[in-house]
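Coordinates as given in protein29.cif (mmCIF, C-alpha atoms):
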```cif
data_final
loop_
_atom_site.group_PDB
_atom_site.id
_atom_site.type_symbol
_atom_site.label_atom_id
_atom_site.label_comp_id
_atom_site.auth_asym_id
_atom_site.auth_seq_id
_atom_site.Cartn_x
_atom_site.Cartn_y
_atom_site.Cartn_z
ATOM 1 C CA MET A 279 15.817 -12.071 7.409
ATOM 2 C CA MET A 280 12.456 -10.477 8.055
ATOM 3 C CA THR A 281 11.403 -10.315 11.690
ATOM 4 C CA ASN A 282 7.928 -11.184 12.933
ATOM 5 C CA THR A 283 6.182 -7.858 13.422
ATOM 6 C CA ALA A 284 2.638 -9.146 13.854
ATOM 7 C CA ALA A 285 0.846 -7.673 16.826
ATOM 8 C CA PRO A 286 -0.938 -10.035 19.236
ATOM 9 C CA ALA A 287 -4.490 -10.674 18.124
ATOM 10 C CA GLY A 288 -7.338 -9.828 20.495
ATOM 11 C CA ASP A 289 -10.539 -11.707 21.203
ATOM 12 C CA VAL A 290 -12.961 -9.232 19.599
ATOM 13 C CA ARG A 291 -14.189 -10.205 16.150
ATOM 14 C CA GLU A 292 -16.835 -8.597 13.992
ATOM 15 C CA PHE A 293 -20.289 -10.184 13.748
ATOM 16 C CA THR A 294 -23.625 -8.954 12.448
ATOM 17 C CA ALA A 295 -25.760 -6.977 14.878
ATOM 18 C CA ARG A 296 -29.433 -7.715 15.330
ATOM 19 C CA SER A 297 -31.420 -5.137 13.415
ATOM 20 C CA MET A 298 -34.571 -4.766 11.383
ATOM 21 C CA GLY A 299 -35.780 -2.629 8.520
ATOM 22 C CA GLY A 300 -36.251 0.922 9.669
ATOM 23 C CA GLY A 301 -39.297 1.650 7.531
ATOM 24 C CA LEU A 302 -41.677 -0.349 9.703
ATOM 25 C CA ALA A 303 -40.156 1.021 12.913
ATOM 26 C CA LEU A 304 -40.511 4.567 11.608
ATOM 27 C CA VAL A 305 -44.169 4.059 10.695
ATOM 28 C CA LEU A 306 -44.966 2.477 14.083
ATOM 29 C CA GLY A 307 -43.186 5.278 15.913
ATOM 30 C CA LEU A 308 -45.065 7.974 14.021
ATOM 31 C CA LEU A 309 -48.381 6.185 14.596
ATOM 32 C CA GLY A 310 -47.581 5.914 18.290
ATOM 33 C CA ALA A 311 -46.770 9.626 18.507
ATOM 34 C CA VAL A 312 -49.989 10.517 16.671
ATOM 35 C CA ALA A 313 -52.015 8.188 18.900
ATOM 36 C CA GLY A 314 -50.424 9.701 21.999
ATOM 37 C CA ALA A 315 -51.280 13.189 20.813
ATOM 38 C CA GLY A 316 -54.870 12.025 20.196
ATOM 39 C CA LEU A 317 -55.138 10.607 23.703
ATOM 40 C CA ILE A 318 -53.924 13.862 25.167
ATOM 41 C CA ALA A 319 -56.485 15.785 23.093
ATOM 42 C CA LEU A 320 -59.271 13.455 24.244
ATOM 43 C CA GLY A 321 -58.156 13.809 27.826
ATOM 44 C CA VAL A 322 -58.229 17.579 27.623
ATOM 45 C CA THR A 323 -61.759 17.634 26.138
ATOM 46 C CA ALA A 324 -63.135 14.869 28.384
ATOM 47 C CA ASP A 325 -65.628 15.915 31.063
ATOM 48 C CA GLY A 326 -64.940 13.228 33.638
ATOM 49 C CA THR A 327 -62.088 13.658 36.050
ATOM 50 C CA VAL A 328 -61.152 9.982 35.757
ATOM 51 C CA MET A 329 -60.945 10.166 31.966
ATOM 52 C CA HIS A 330 -58.939 13.366 32.153
ATOM 53 C CA ALA A 331 -56.515 11.889 34.651
ATOM 54 C CA SER A 332 -55.983 8.643 32.698
ATOM 55 C CA LEU A 333 -55.923 9.719 29.049
ATOM 56 C CA ILE A 334 -53.391 12.537 29.349
ATOM 57 C CA PRO A 335 -50.696 10.483 31.166
ATOM 58 C CA ALA A 336 -51.281 7.592 28.760
ATOM 59 C CA GLY A 337 -50.853 9.899 25.787
ATOM 60 C CA VAL A 338 -47.663 11.426 27.217
ATOM 61 C CA LEU A 339 -46.275 7.959 27.948
ATOM 62 C CA LEU A 340 -47.116 6.737 24.437
ATOM 63 C CA ILE A 341 -45.391 9.745 22.865
ATOM 64 C CA LEU A 342 -42.327 9.229 25.065
ATOM 65 C CA VAL A 343 -42.133 5.533 24.161
ATOM 66 C CA SER A 344 -42.497 6.365 20.445
ATOM 67 C CA VAL A 345 -39.742 8.982 20.566
ATOM 68 C CA ILE A 346 -37.388 6.637 22.419
ATOM 69 C CA SER A 347 -38.195 3.844 19.989
ATOM 70 C CA MET A 348 -37.490 6.032 16.954
ATOM 71 C CA SER A 349 -34.100 6.968 18.420
ATOM 72 C CA GLY A 350 -33.035 3.450 17.443
ATOM 73 C CA LEU A 351 -33.276 4.346 13.749
ATOM 74 C CA ASN A 352 -29.989 4.546 11.813
ATOM 75 C CA THR A 353 -29.235 5.610 8.275
ATOM 76 C CA VAL A 354 -26.379 3.472 6.948
ATOM 77 C CA ALA A 355 -24.805 4.741 3.737
ATOM 78 C CA PRO A 356 -22.927 2.487 1.269
ATOM 79 C CA GLY A 357 -19.314 2.156 2.339
ATOM 80 C CA GLU A 358 -20.162 2.680 6.007
ATOM 81 C CA ALA A 359 -20.871 0.492 9.013
ATOM 82 C CA ARG A 360 -22.308 1.023 12.484
ATOM 83 C CA VAL A 361 -20.546 -0.538 15.481
ATOM 84 C CA VAL A 362 -23.242 -1.224 18.097
ATOM 85 C CA GLN A 363 -22.514 -1.217 21.846
ATOM 86 C CA LEU A 364 -24.886 -1.854 24.736
ATOM 87 C CA PHE A 365 -23.664 -0.654 28.137
ATOM 88 C CA GLY A 366 -20.037 -1.005 27.020
ATOM 89 C CA ARG A 367 -20.399 -4.423 25.421
ATOM 90 C CA TYR A 368 -19.963 -5.016 21.708
ATOM 91 C CA ARG A 369 -23.286 -6.160 20.224
ATOM 92 C CA GLY A 370 -22.363 -6.427 16.538
ATOM 93 C CA THR A 371 -21.944 -4.357 13.394
ATOM 94 C CA ILE A 372 -24.547 -3.119 10.936
ATOM 95 C CA ARG A 373 -23.271 -3.220 7.341
ATOM 96 C CA THR A 374 -26.627 -3.332 5.501
ATOM 97 C CA ASP A 375 -27.175 0.055 3.927
ATOM 98 C CA GLY A 376 -30.440 1.927 4.204
ATOM 99 C CA LEU A 377 -32.652 2.712 7.192
ATOM 100 C CA ARG A 378 -32.148 0.178 9.995
ATOM 101 C CA TRP A 379 -33.514 -0.073 13.542
ATOM 102 C CA VAL A 380 -31.691 -1.447 16.574
ATOM 103 C CA ASN A 381 -32.182 -1.344 20.317
ATOM 104 C CA PRO A 382 -32.535 2.382 21.146
ATOM 105 C CA LEU A 383 -30.530 1.916 24.333
ATOM 106 C CA THR A 384 -27.407 1.049 22.354
ATOM 107 C CA SER A 385 -24.746 3.452 21.147
ATOM 108 C CA ARG A 386 -23.695 3.352 17.496
ATOM 109 C CA GLU A 387 -20.353 4.481 16.113
ATOM 110 C CA THR A 388 -19.876 5.140 12.406
ATOM 111 C CA ILE A 389 -16.900 3.427 10.750
ATOM 112 C CA SER A 390 -15.992 4.035 7.113
ATOM 113 C CA THR A 391 -15.274 0.856 5.153
ATOM 114 C CA ARG A 392 -14.303 2.692 1.966
ATOM 115 C CA VAL A 393 -10.909 2.238 0.340
ATOM 116 C CA ARG A 394 -8.380 4.785 1.599
ATOM 117 C CA ASN A 395 -4.823 5.648 0.740
ATOM 118 C CA HIS A 396 -1.990 6.993 2.838
ATOM 119 C CA GLU A 397 1.203 8.467 1.423
ATOM 120 C CA THR A 398 4.132 8.763 3.768
ATOM 121 C CA ALA A 399 6.380 11.777 3.912
ATOM 122 C CA VAL A 400 9.826 11.479 2.324
ATOM 123 C CA LEU A 401 11.818 9.498 4.904
ATOM 124 C CA LYS A 402 15.596 9.695 5.231
ATOM 125 C CA VAL A 403 17.146 6.404 6.355
ATOM 126 C CA ASN A 404 20.315 4.371 5.871
ATOM 127 C CA ASP A 405 20.170 1.361 3.562
ATOM 128 C CA ALA A 406 21.803 -2.012 4.221
ATOM 129 C CA TYR A 407 25.206 -0.603 3.188
ATOM 130 C CA GLY A 408 24.847 2.411 5.456
ATOM 131 C CA ASN A 409 24.251 4.880 2.628
ATOM 132 C CA PRO A 410 21.706 7.612 3.400
ATOM 133 C CA ILE A 411 18.716 7.392 1.079
ATOM 134 C CA GLU A 412 15.331 9.051 0.739
ATOM 135 C CA LEU A 413 12.146 7.106 0.110
ATOM 136 C CA ALA A 414 8.386 7.418 0.383
ATOM 137 C CA ALA A 415 5.515 5.003 -0.163
ATOM 138 C CA VAL A 416 1.768 5.017 -0.721
ATOM 139 C CA VAL A 417 -0.498 2.394 0.861
ATOM 140 C CA VAL A 418 -4.058 1.587 -0.216
ATOM 141 C CA TRP A 419 -6.103 0.045 2.608
ATOM 142 C CA ARG A 420 -9.577 -0.449 4.030
ATOM 143 C CA VAL A 421 -11.173 -1.548 7.290
ATOM 144 C CA GLU A 422 -11.963 -5.258 7.125
ATOM 145 C CA ASP A 423 -13.004 -5.936 10.743
ATOM 146 C CA THR A 424 -14.825 -2.995 12.320
ATOM 147 C CA ALA A 425 -14.781 -4.534 15.797
ATOM 148 C CA ARG A 426 -11.001 -4.838 15.904
ATOM 149 C CA ALA A 427 -10.577 -1.391 14.370
ATOM 150 C CA THR A 428 -12.718 0.083 17.151
ATOM 151 C CA PHE A 429 -11.660 -1.885 20.218
ATOM 152 C CA GLU A 430 -8.164 -3.262 19.563
ATOM 153 C CA VAL A 431 -6.410 0.058 18.847
ATOM 154 C CA ASP A 432 -6.953 3.583 20.056
ATOM 155 C CA ASP A 433 -7.080 5.253 16.613
ATOM 156 C CA PHE A 434 -6.884 2.843 13.683
ATOM 157 C CA THR A 435 -6.131 5.598 11.134
ATOM 158 C CA GLN A 436 -3.141 6.858 13.089
ATOM 159 C CA PHE A 437 -2.132 3.260 13.769
ATOM 160 C CA VAL A 438 -1.985 2.487 10.042
ATOM 161 C CA GLU A 439 0.028 5.641 9.330
ATOM 162 C CA THR A 440 2.552 4.895 12.080
ATOM 163 C CA GLN A 441 2.957 1.242 11.134
ATOM 164 C CA THR A 442 3.345 2.152 7.455
ATOM 165 C CA GLU A 443 6.244 4.474 8.257
ATOM 166 C CA ALA A 444 7.812 1.825 10.489
ATOM 167 C CA ALA A 445 7.502 -0.840 7.770
ATOM 168 C CA VAL A 446 9.040 1.421 5.119
ATOM 169 C CA ARG A 447 11.973 2.217 7.400
ATOM 170 C CA HIS A 448 12.476 -1.470 8.205
ATOM 171 C CA ILE A 449 12.463 -2.481 4.533
ATOM 172 C CA ALA A 450 14.933 0.303 3.715
ATOM 173 C CA ILE A 451 17.511 -0.866 6.258
ATOM 174 C CA GLU A 452 17.132 -4.508 5.196
ATOM 175 C CA TYR A 453 18.141 -3.969 1.561
ATOM 176 C CA PRO A 454 20.686 -1.776 -0.254
ATOM 177 C CA TYR A 455 19.770 0.896 -2.756
ATOM 178 C CA ASP A 456 22.023 -0.822 -5.326
ATOM 179 C CA SER A 457 23.333 -4.339 -4.752
ATOM 180 C CA HIS A 458 27.057 -4.951 -5.301
ATOM 181 C CA GLU A 459 26.577 -8.710 -5.271
ATOM 182 C CA GLU A 460 25.497 -10.828 -8.209
ATOM 183 C CA GLY A 461 21.848 -11.794 -7.772
ATOM 184 C CA GLY A 462 21.348 -9.712 -4.619
ATOM 185 C CA LEU A 463 18.105 -7.829 -4.065
ATOM 186 C CA SER A 464 18.191 -4.037 -4.142
ATOM 187 C CA LEU A 465 15.608 -1.319 -3.673
ATOM 188 C CA ARG A 466 16.216 0.146 -7.129
ATOM 189 C CA GLY A 467 16.794 -3.011 -9.132
ATOM 190 C CA ASN A 468 14.114 -5.259 -7.600
ATOM 191 C CA ALA A 469 11.212 -2.896 -7.012
ATOM 192 C CA GLU A 470 8.499 -5.540 -7.532
ATOM 193 C CA GLU A 471 10.016 -8.051 -5.102
ATOM 194 C CA ILE A 472 10.673 -5.394 -2.457
ATOM 195 C CA THR A 473 7.115 -4.061 -2.847
ATOM 196 C CA GLU A 474 5.716 -7.543 -2.206
ATOM 197 C CA LYS A 475 7.822 -7.841 0.933
ATOM 198 C CA LEU A 476 6.599 -4.407 2.053
ATOM 199 C CA ALA A 477 2.977 -5.491 1.566
ATOM 200 C CA LEU A 478 3.533 -8.671 3.603
ATOM 201 C CA GLU A 479 5.157 -6.768 6.446
ATOM 202 C CA LEU A 480 2.415 -4.142 6.433
ATOM 203 C CA HIS A 481 -0.248 -6.850 6.560
ATOM 204 C CA ALA A 482 1.401 -8.382 9.604
ATOM 205 C CA ARG A 483 1.697 -5.010 11.330
ATOM 206 C CA VAL A 484 -1.881 -3.766 10.828
ATOM 207 C CA GLU A 485 -3.717 -7.076 11.192
ATOM 208 C CA ALA A 486 -4.432 -6.297 14.860
ATOM 209 C CA ALA A 487 -6.457 -3.253 13.784
ATOM 210 C CA GLY A 488 -8.678 -5.239 11.423
ATOM 211 C CA VAL A 489 -7.203 -3.490 8.387
ATOM 212 C CA ARG A 490 -6.501 -5.098 5.007
ATOM 213 C CA ILE A 491 -3.695 -3.805 2.804
ATOM 214 C CA ILE A 492 -4.852 -3.680 -0.825
ATOM 215 C CA GLU A 493 -1.708 -2.286 -2.450
ATOM 216 C CA SER A 494 1.572 -0.645 -1.502
ATOM 217 C CA ARG A 495 4.059 1.120 -3.754
ATOM 218 C CA PHE A 496 7.218 3.194 -3.425
ATOM 219 C CA THR A 497 6.604 6.696 -4.764
ATOM 220 C CA HIS A 498 10.061 8.155 -4.150
ATOM 221 C CA LEU A 499 13.460 6.486 -4.017
ATOM 222 C CA ALA A 500 16.773 8.324 -4.294
ATOM 223 C CA TYR A 501 20.117 8.796 -2.624
ATOM 224 C CA ALA A 502 20.306 11.574 -0.070
ATOM 225 C CA PRO A 503 21.554 14.887 -1.527
ATOM 226 C CA GLU A 504 24.892 14.724 0.319
ATOM 227 C CA ILE A 505 25.984 11.577 -1.556
ATOM 228 C CA ALA A 506 23.845 11.800 -4.675
ATOM 229 C CA SER A 507 26.605 13.254 -6.875
ATOM 230 C CA ALA A 508 29.182 10.682 -5.756
ATOM 231 C CA MET A 509 26.763 7.807 -6.324
ATOM 232 C CA LEU A 510 25.862 9.210 -9.739
ATOM 233 C CA GLN A 511 29.531 9.144 -10.737
ATOM 234 C CA ARG A 512 29.738 5.586 -9.512
ATOM 235 C CA GLN A 513 26.708 4.575 -11.575
ATOM 236 C CA GLN A 514 28.140 6.312 -14.620
ATOM 237 C CA ALA A 515 31.468 4.527 -14.149
ATOM 238 C CA GLY A 516 29.664 1.205 -13.875
ATOM 239 C CA ALA A 517 27.747 1.959 -17.064
ATOM 240 C CA VAL A 518 30.977 2.845 -18.895
ATOM 241 C CA VAL A 519 32.637 -0.377 -17.728
ATOM 242 C CA ALA A 520 29.628 -2.441 -18.814
ATOM 243 C CA ALA A 521 29.595 -0.726 -22.225
ATOM 244 C CA ARG A 522 33.329 -1.279 -22.689
ATOM 245 C CA LYS A 523 32.961 -4.910 -21.762
ATOM 246 C CA GLN A 524 30.288 -5.375 -24.397
ATOM 247 C CA ILE A 525 32.401 -3.549 -27.000
ATOM 248 C CA VAL A 526 35.428 -5.738 -26.269
ATOM 249 C CA GLU A 527 33.358 -8.919 -26.468
ATOM 250 C CA GLY A 528 31.977 -7.813 -29.831
ATOM 251 C CA ALA A 529 35.439 -6.841 -31.115
ATOM 252 C CA VAL A 530 36.902 -10.221 -30.144
ATOM 253 C CA GLY A 531 34.122 -11.949 -32.017
ATOM 254 C CA MET A 532 34.677 -9.823 -35.105
ATOM 255 C CA VAL A 533 38.467 -10.441 -35.068
ATOM 256 C CA GLU A 534 37.897 -14.164 -34.662
ATOM 257 C CA LEU A 535 35.450 -14.131 -37.552
ATOM 258 C CA ALA A 536 37.913 -12.200 -39.759
ATOM 259 C CA LEU A 537 40.781 -14.586 -39.067
ATOM 260 C CA THR A 538 38.555 -17.594 -39.663
ATOM 261 C CA ARG A 539 37.295 -16.261 -42.985
ATOM 262 C CA LEU A 540 40.808 -15.384 -44.147
ATOM 263 C CA ALA A 541 41.964 -18.897 -43.347
ATOM 264 C CA GLU A 542 38.942 -20.566 -44.964
ATOM 265 C CA GLU A 543 39.109 -18.505 -48.166
ATOM 266 C CA ASP A 544 42.903 -18.851 -48.304
ATOM 267 C CA ILE A 545 43.185 -15.170 -49.124
ATOM 268 C CA VAL A 546 46.504 -14.602 -47.390
ATOM 269 C CA ASP A 547 48.842 -16.726 -45.326
ATOM 270 C CA LEU A 548 49.807 -14.901 -42.124
ATOM 271 C CA ASP A 549 52.588 -15.968 -39.851
ATOM 272 C CA PRO A 550 52.039 -15.671 -36.081
ATOM 273 C CA GLU A 551 53.795 -12.290 -35.878
ATOM 274 C CA ARG A 552 51.697 -10.709 -38.657
ATOM 275 C CA LYS A 553 48.543 -12.341 -37.293
ATOM 276 C CA ALA A 554 49.272 -10.748 -33.895
ATOM 277 C CA ALA A 555 49.822 -7.362 -35.563
ATOM 278 C CA MET A 556 46.520 -7.707 -37.438
ATOM 279 C CA VAL A 557 44.669 -8.636 -34.257
ATOM 280 C CA SER A 558 46.199 -5.643 -32.489
ATOM 281 C CA ASN A 559 45.238 -3.256 -35.263
ATOM 282 C CA LEU A 560 41.687 -4.583 -35.475
ATOM 283 C CA MET A 561 41.200 -4.340 -31.692
ATOM 284 C CA VAL A 562 42.444 -0.743 -31.703
ATOM 285 C CA VAL A 563 40.069 0.161 -34.544
ATOM 286 C CA LEU A 564 37.040 -1.627 -33.088
ATOM 287 C CA CYS A 565 37.533 -0.587 -29.453
ATOM 288 C CA GLY A 566 38.760 2.968 -29.968
ATOM 289 C CA ASP A 567 36.650 6.020 -29.120
ATOM 290 C CA ARG A 568 37.712 7.859 -32.264
ATOM 291 C CA ALA A 569 37.744 6.910 -35.908
ATOM 292 C CA ALA A 570 41.013 5.284 -36.983
ATOM 293 C CA GLN A 571 43.283 7.038 -39.478
ATOM 294 C CA PRO A 572 44.185 4.516 -42.214
ATOM 295 C CA VAL A 573 47.799 4.102 -43.301
ATOM 296 C CA VAL A 574 48.241 2.883 -46.877
ATOM 297 C CA ASN A 575 51.097 0.400 -47.232
ATOM 298 C CA ALA A 576 52.667 0.953 -50.679
ATOM 299 C CA GLY A 577 55.148 -1.864 -50.240
ATOM 300 C CA THR A 578 54.752 -5.496 -49.421
ATOM 301 C CA LEU A 579 53.043 -7.004 -46.426
ATOM 302 C CA TYR A 580 56.351 -7.325 -44.595
ATOM 303 C CA GLN A 581 57.831 -3.921 -45.427
#
```

Turn the structure described in the file into structure tokens.
Amino acid sequence: MMTNTAAPAGDVREFTARSMGGGLALVLGLLGAVAGAGLIALGVTADGTVMHASLIPAGVLLILVSVISMSGLNTVAPGEARVVQLFGRYRGTIRTDGLRWVNPLTSRETISTRVRNHETAVLKVNDAYGNPIELAAVVVWRVEDTARATFEVDDFTQFVETQTEAAVRHIAIEYPYDSHEEGGLSLRGNAEEITEKLALELHARVEAAGVRIIESRFTHLAYAPEIASAMLQRQQAGAVVAARKQIVEGAVGMVELALTRLAEEDIVDLDPERKAAMVSNLMVVLCGDRAAQPVVNAGTLYQ
């Protein structure tokens, strides 16, 4: 039975930050800087002391305000987002690509929302029967909630990697490599079903980090080297038994068909003893590994 591995959900959820198109803000900032430089130039060339003392500080202040205002400009590329914070408080996320402007007093952290993949190293664990096996998996994922990815976990990339390894190990110990029971799930024989269970467990584990699992697959699955040869012999023996079983079933059907046709066509009348001998001979011929050597009977059927 699969245990509940979902981490407790926090209160932070992503929402859209207040922002505006950066083109207008850029133009206004440049105009302000130019106007401030003009005021300073007028103040330097002015004759009056009052004009000199008022225009230069005003120009410096206007330039300073323009520079601070333009520091709120952000370039957001496709597949990226900006997590906005103001004095430690989450103020939203910018996902609209292009040049955007927000409050220049805020801090903005870049979060990639592109699809990523993580492939685990080859892990050595014991399956449900206690046999040592080796397995590895690849997980395709992306950040769905930038707020939770930033504030709910310390490092969401490392968090996903660690939880992926933990989920793979948990799945491996829940199921055997090969099931000895009829209808039982196994890692090798039911790859699709086990992969779905792995995806569900991964989703529950990384939900706290605002991450969505797109796909997960096993990339390596094998017995550990110390038991690989023994398990290979076991698989070969099972294959031989299954093949023999099919051969015997086919031979029985062919013998039954031969006896039925002989009786229907009234070709020969066999007593129980000769019928048993015929069945024995046919089974030996049909089930033998080597070609049978025919013996020609020159006498009668009973001699």

> Excluding same-chain residues fewer than 6 positions from A:Ala414, what lies within 7 Å of it counting all atoms listed in the file, as an MDAnalysis selection string?
Replying inline: chainID A and resid 398:401 496:499

>> Under the rule that only C-alpha atoms are counted, which of A:Val361, A:Val345, A:Ala315, A:Ile449 is the nearest residue to A:Ala295?
In response: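 Checking each of A:Val361, A:Val345, A:Ala315, A:Ile449 against A:Ala295, counting only C-alpha atoms, the winner is A:Val361.
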
> Nearest to A:Arg426: which of A:Thr473, A:Thr353, A:Thr371, A:Ser297 is it, counting all atoms listed in the file?
Replying inline: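 Closest residue, counting all atoms listed in the file: A:Thr371.
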
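Evaluated against the shown file, the PyMOL selection byres ((chain A and resi 462-472) around 10) gives Asp405, Ala406, Leu413, Ile449, Ala450, Glu452, Tyr453, Pro454, Tyr455, Asp456, Ser457, His458, Glu459, Glu460, Gly461, Thr473, Glu474, Lys475, Leu476, Ala477, Leu478, Arg495, Phe496, Leu499 and Ala500 of chain A.
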
> Using the chain letters and numbers from the file, which residues does the PyMOL selection byres ((chain A and resi 305-307) around 12) grab, as JSON, numbers by chain?
Replying inline: {"A": [299, 300, 301, 302, 303, 304, 308, 309, 310, 311, 312, 313, 314, 340, 341, 342, 343, 344, 345, 346, 347, 348, 349, 350, 351, 379]}

Expected file for stretch 374-437 of chain A keeping C-alpha atoms, as a compact mmCIF listing (two decimals), in the first residue's frame:
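Result file is part07.txt:
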```
# COMPACT_ATOMS: atom_id res chain seq x y z
CA THR A 374 4.56 38.64 -19.17
CA ASP A 375 7.62 38.63 -21.38
CA GLY A 376 9.21 41.80 -22.67
CA LEU A 377 10.22 45.01 -20.91
CA ARG A 378 8.18 45.56 -17.74
CA TRP A 379 8.32 48.18 -14.98
CA VAL A 380 7.57 47.63 -11.30
CA ASN A 381 8.17 49.53 -8.09
CA PRO A 382 11.93 50.27 -8.10
CA LEU A 383 12.12 49.64 -4.36
CA THR A 384 11.25 45.97 -4.85
CA SER A 385 13.68 43.12 -5.35
CA ARG A 386 13.15 40.74 -8.26
CA GLU A 387 14.36 37.15 -8.46
CA THR A 388 14.51 35.30 -11.77
CA ILE A 389 12.84 31.87 -11.87
CA SER A 390 13.00 29.65 -14.94
CA THR A 391 9.64 28.15 -15.92
CA ARG A 392 11.07 26.07 -18.77
CA VAL A 393 10.69 22.30 -18.90
CA ARG A 394 13.61 20.52 -17.23
CA ASN A 395 14.65 16.93 -16.82
CA HIS A 396 16.53 15.17 -14.07
CA GLU A 397 18.07 11.71 -14.41
CA THR A 398 18.96 9.92 -11.22
CA ALA A 399 22.15 7.99 -10.75
CA VAL A 400 21.93 4.19 -10.85
CA LEU A 401 20.53 3.29 -7.42
CA LYS A 402 21.11 -0.06 -5.73
CA VAL A 403 18.17 -1.14 -3.57
CA ASN A 404 16.38 -4.31 -2.48
CA ASP A 405 13.06 -5.14 -4.13
CA ALA A 406 9.98 -6.48 -2.35
CA TYR A 407 11.52 -9.98 -2.25
CA GLY A 408 14.79 -8.70 -0.82
CA ASN A 409 16.76 -9.17 -4.04
CA PRO A 410 19.34 -6.46 -4.75
CA ILE A 411 18.52 -4.60 -7.96
CA GLU A 412 19.80 -1.56 -9.82
CA LEU A 413 17.51 1.08 -11.26
CA ALA A 414 17.52 4.66 -12.48
CA ALA A 415 14.81 7.03 -13.65
CA VAL A 416 14.41 10.27 -15.57
CA VAL A 417 11.85 12.91 -14.54
CA VAL A 418 10.58 15.75 -16.72
CA TRP A 419 9.29 18.69 -14.66
CA ARG A 420 8.70 22.43 -14.58
CA VAL A 421 7.95 25.13 -12.03
CA GLU A 422 4.20 25.69 -11.85
CA ASP A 423 3.96 28.03 -8.83
CA THR A 424 6.93 30.39 -8.58
CA ALA A 425 5.92 31.65 -5.13
CA ARG A 426 5.97 28.20 -3.56
CA ALA A 427 9.19 27.31 -5.38
CA THR A 428 10.85 30.39 -3.90
CA PHE A 429 9.45 30.55 -0.38
CA GLU A 430 8.31 27.04 0.57
CA VAL A 431 11.64 25.23 0.02
CA ASP A 432 15.24 26.29 0.33
CA ASP A 433 16.37 25.12 -3.14
CA PHE A 434 13.59 23.75 -5.33
CA THR A 435 16.00 22.15 -7.83
CA GLN A 436 17.79 20.18 -5.14
CA PHE A 437 14.43 19.41 -3.54
```
